[in-house]
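Visitor: The structure that follows is given in the form of C-alpha cells.
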Amino acid sequence: MIIYKTPQEVAAMRASNRIVARILEELKALVRPGVSTRELDAYAENRAREMGAKPAFKGYRGYPASLCTSVNEEIIHGIPSSRVLEEGDIVGLDFGVVHDGFYGDAAVTVGVGAISPEAQRLIAVAETAFFKGIAQMKSGNRISDISHAIQTYVESEGFSVIRSFVGHGIGHSPHEEPQVPNFGLPGRGPKIKEGLTLAIEPMIAAGDWREEILEDGWTAVTKDRSLSAHFEHTVAMTSGGVEILSLGEPDDPADMSPEVKRHA
C-alpha cells in the first residue's frame with residue numbers, strides 16, 4: 001500500500017533530507033586518494049548524530065555500517081572497510097538518516113582525484129538519468145513513465161541499467177511502496193499524485209547490466225566488472241509540482257565541520 005504524505009509530513013521529510021544533503025556534500029569534500037572508506041563511514045555517522053539524526057542504514061536488515069561506499073565495479077551496498085581510495089577510482093556514497101520519525105536518503109558517485117573520461121561520462125549520465133526520470137513525475141503519469149525515461153536515456157548513451165535493484169517509496173520507513181525500477185515500458189503502475197514520496201535512484205553500468213553479490217552478502221558488483229555509477233534523491237509530489245527534498249540548501253561555511261573546512 002502506498003502511503004501518501006500530508007504537506008506537514010513532507011516538511012518533516014524535507015528536514016531529514018537536508019541533513020542527508022549536508023553530510024553528502026561534506027563527504028564529497030573529503031574524498032581523495034589515501035582516505036579509507038571506513039573513515040568516510042565514521043565521519044558520516046558522527047555528523048548525523050551531531051545534527052540530531054540517526055543513521056538509517058546501520059543495523060537495517062543487518063547492514064553493519066552507516067554509509068554505503070561502492071567503489072568502481074561495485075554497484076551498491078559496498079561495506080566501508082580499511083580499503084584506501086586510489087587516484088582514478090570512483091566511489092558511490094549512499095547515505096540515509098531518520099529524524100523526527102521520517103527518513104531521508106540520497107546517493108552520489110564521485111571521482112577520486114583525476115578519473116578517466118569514460119568514468120566522468122558514466123557519472124554524468126547517471127545524474128542526468130535521474131533528472132530525465134523526474135521530468136515524468138507529473139500528476140496523472142504513472143510510475144513506469146519515470147522508469148522508461150531513465151532506461152531510454154541511459155541506453156541511448158551506450159550504458160546499461162541495473163535490473164536487480166530499484167528505487168522505492170520512502171517516508172515513515174526507509175523502504176515503502178511503490179517500487180520504482182529504472183527500466184520498463186511506460187504507462188504502467190500506480191498513478192502519480194500529490195503526497196507521493198519516492199527515492200529515485202538510477203544505477204547504471206559501463207558494460208553489461210548483470211550483477212552478482214560478493215561473499216560479504218551485501219556488496220553488489222557488475223558481473224563483467226565494468227564500472228558502475230549510482231545517483232539518488234528523495235523527491236515529493238506536491239501541489240506545486242515535484243520537489244527534490246535532498247538537494248539541501250546553499251552551502252554555508254559556518255555550518256561545515258572543521259575537517260571539511262580544511263579540505264573544501
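Labels used: A, B, ... for chains in the order of the C-alpha cells, numbers from 1 for residues in each chain, and numbers from 1 for ligands as shown.
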Please, which residues in range 68-160 of chain A fall within 6 Å of range 171-194 of chain A when counting only C-alpha atoms, and what is the closest atom pair and distance in Å to one decimal for each, ordered by chain then residue number, as a Markdown table?

Guide:
```
| residue | atom | partner | partner_atom | distance |
| --- | --- | --- | --- | --- |
| A:Phe102 | CA | A:His172 | CA | 5.0 |
| A:Tyr103 | CA | A:Gly171 | CA | 5.3 |
| A:Ser139 | CA | A:Lys193 | CA | 4.9 |
| A:Gly140 | CA | A:Ile192 | CA | 5.6 |
| A:Asn141 | CA | A:Ile192 | CA | 5.6 |
| A:Arg142 | CA | A:Lys191 | CA | 4.3 |
| A:Ile143 | CA | A:Gly189 | CA | 5.4 |
| A:Ser144 | CA | A:Pro186 | CA | 5.0 |
| A:Asp145 | CA | A:Pro186 | CA | 4.5 |
| A:Ser147 | CA | A:Asn182 | CA | 4.4 |
| A:His148 | CA | A:Gly184 | CA | 5.2 |
| A:Ile150 | CA | A:Asn182 | CA | 5.8 |
| A:Gln151 | CA | A:Phe183 | CA | 4.9 |
```

Visitor: Which value, in Å to one decimal, gives the distance between CA of Glu215 in chain A and CA of Tyr60 in chain A?

Guide: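 Result for CA of Glu215 in chain A versus CA of Tyr60 in chain A: 18.5 Å, one decimal.
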
Visitor: Need to verify the contact set: Glu118 in chain A, 10 Å, only C-alpha atoms, exclusion of same-chain residues closer than 4 positions in sequence. Can you return it as a list in words?

Guide: Leu122, Ile123, Ala124, Ala206 and Leu227 of chain A

Visitor: Could the residues in this selection be written to a file with C-alpha atoms, as a PDB file, in the first residue's frame?

Guide:
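The result, written out as out-v1.pdb:
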```
ATOM      1  CA  LEU A 122      29.287   7.421 -16.708  1.00  0.00           C
ATOM      2  CA  ILE A 123      28.800   9.589 -13.608  1.00  0.00           C
ATOM      3  CA  ALA A 124      27.285  12.398 -15.677  1.00  0.00           C
ATOM      4  CA  ALA A 206      29.509   0.918 -18.425  1.00  0.00           C
ATOM      5  CA  LEU A 227      32.400   0.498 -13.821  1.00  0.00           C
TER       6      LEU A 227
END
```

Visitor: As a ChimeraX atom specification, please: all residues of range 35-196 of chain A that backbone DSSP puts in strand (DSSP E).

Guide: /A:54-55,67-71,74-76,90-99,102-111,160-161,167-169,176-180

Visitor: Go ahead and dump the residues you just picked, C-alpha atoms, as a compact mmCIF listing (two decimals), in the first residue's frame.

Guide:
```
# COMPACT_ATOMS: atom_id res chain seq x y z
CA LYS A 54 20.20 8.62 13.49
CA PRO A 55 21.94 6.83 10.61
CA LEU A 67 27.31 4.62 4.88
CA CYS A 68 27.46 2.55 1.69
CA THR A 69 30.75 3.07 -0.17
CA SER A 70 30.70 1.35 -3.58
CA VAL A 71 34.00 1.57 -5.47
CA GLU A 74 30.63 -2.09 -7.04
CA ILE A 75 27.03 -1.06 -7.77
CA ILE A 76 25.55 -0.56 -4.31
CA ILE A 90 35.11 6.30 -8.50
CA VAL A 91 33.07 5.81 -5.34
CA GLY A 92 29.32 5.78 -4.77
CA LEU A 93 28.30 7.36 -1.45
CA ASP A 94 24.81 6.29 -0.36
CA PHE A 95 23.56 7.68 2.95
CA GLY A 96 20.31 7.96 4.87
CA VAL A 97 19.06 9.21 8.21
CA VAL A 98 15.93 9.13 10.32
CA HIS A 99 14.97 12.38 12.03
CA PHE A 102 10.97 10.42 8.91
CA TYR A 103 13.63 9.06 6.61
CA GLY A 104 15.90 10.79 4.12
CA ASP A 105 18.01 9.01 1.50
CA ALA A 106 20.34 10.13 -1.27
CA ALA A 107 23.43 8.99 -3.15
CA VAL A 108 26.10 10.41 -5.40
CA THR A 109 29.08 8.94 -7.26
CA VAL A 110 32.29 10.96 -7.23
CA GLY A 111 35.75 10.64 -8.69
CA SER A 160 23.14 -0.23 -19.30
CA VAL A 161 20.63 -0.06 -16.44
CA GLY A 167 14.08 2.89 -6.33
CA HIS A 168 11.27 2.92 -3.81
CA GLY A 169 8.79 4.83 -1.73
CA GLU A 176 7.90 1.78 1.23
CA GLU A 177 5.69 1.02 -1.74
CA PRO A 178 5.86 1.52 -4.66
CA GLN A 179 8.97 0.08 -6.24
CA VAL A 180 10.50 2.33 -8.91
```

Visitor: List the spatial neighbours of Gly241 in chain A as a ChimeraX atom specification - criterion: any atom at most 12 Å away, only C-alpha atoms, same-chain residues fewer than 2 positions off excluded.

Guide: /A:134-140,192-197,235-239,243-244

Visitor: Keeping only C-alpha atoms, take the residues you just selected and write them out as a tab-separated table (two decimals), in the first residue's frame.

Guide:
```tsv
chain	number	residue	atom	x	y	z
A	134	ILE	CA	11.69	13.18	-12.52
A	135	ALA	CA	10.68	15.11	-15.63
A	136	GLN	CA	7.99	12.41	-15.89
A	137	MET	CA	6.85	12.86	-12.29
A	138	LYS	CA	3.62	14.68	-13.08
A	139	SER	CA	0.11	14.19	-11.74
A	140	GLY	CA	-1.64	11.62	-13.92
A	192	ILE	CA	1.46	9.75	-9.61
A	193	LYS	CA	-0.43	12.13	-7.37
A	194	GLU	CA	0.11	14.68	-4.61
A	195	GLY	CA	1.68	13.25	-1.47
A	196	LEU	CA	3.74	10.59	-3.24
A	197	THR	CA	7.32	10.47	-1.92
A	235	VAL	CA	11.51	13.57	-4.11
A	236	ALA	CA	7.93	14.54	-3.28
A	237	MET	CA	4.93	15.26	-5.47
A	238	THR	CA	3.41	18.47	-4.07
A	239	SER	CA	0.61	20.80	-5.09
A	243	GLU	CA	10.27	18.82	-5.25
A	244	ILE	CA	13.73	17.32	-4.70
```

Visitor: Nearest to Ser36 in chain A: which of A:Ile115, A:Ile146, A:Leu85, A:Ile170 is it, counting only C-alpha atoms?

Guide: A:Leu85

Visitor: Determine which residues of range 4-249 of chain A DSSP labels as helix (DSSP H, G or I) from the backbone of this structure, then write them out as a PyMOL selection string.

Guide: chain A and resi 7-30+37-50+60-62+117-134+143-156+245-247
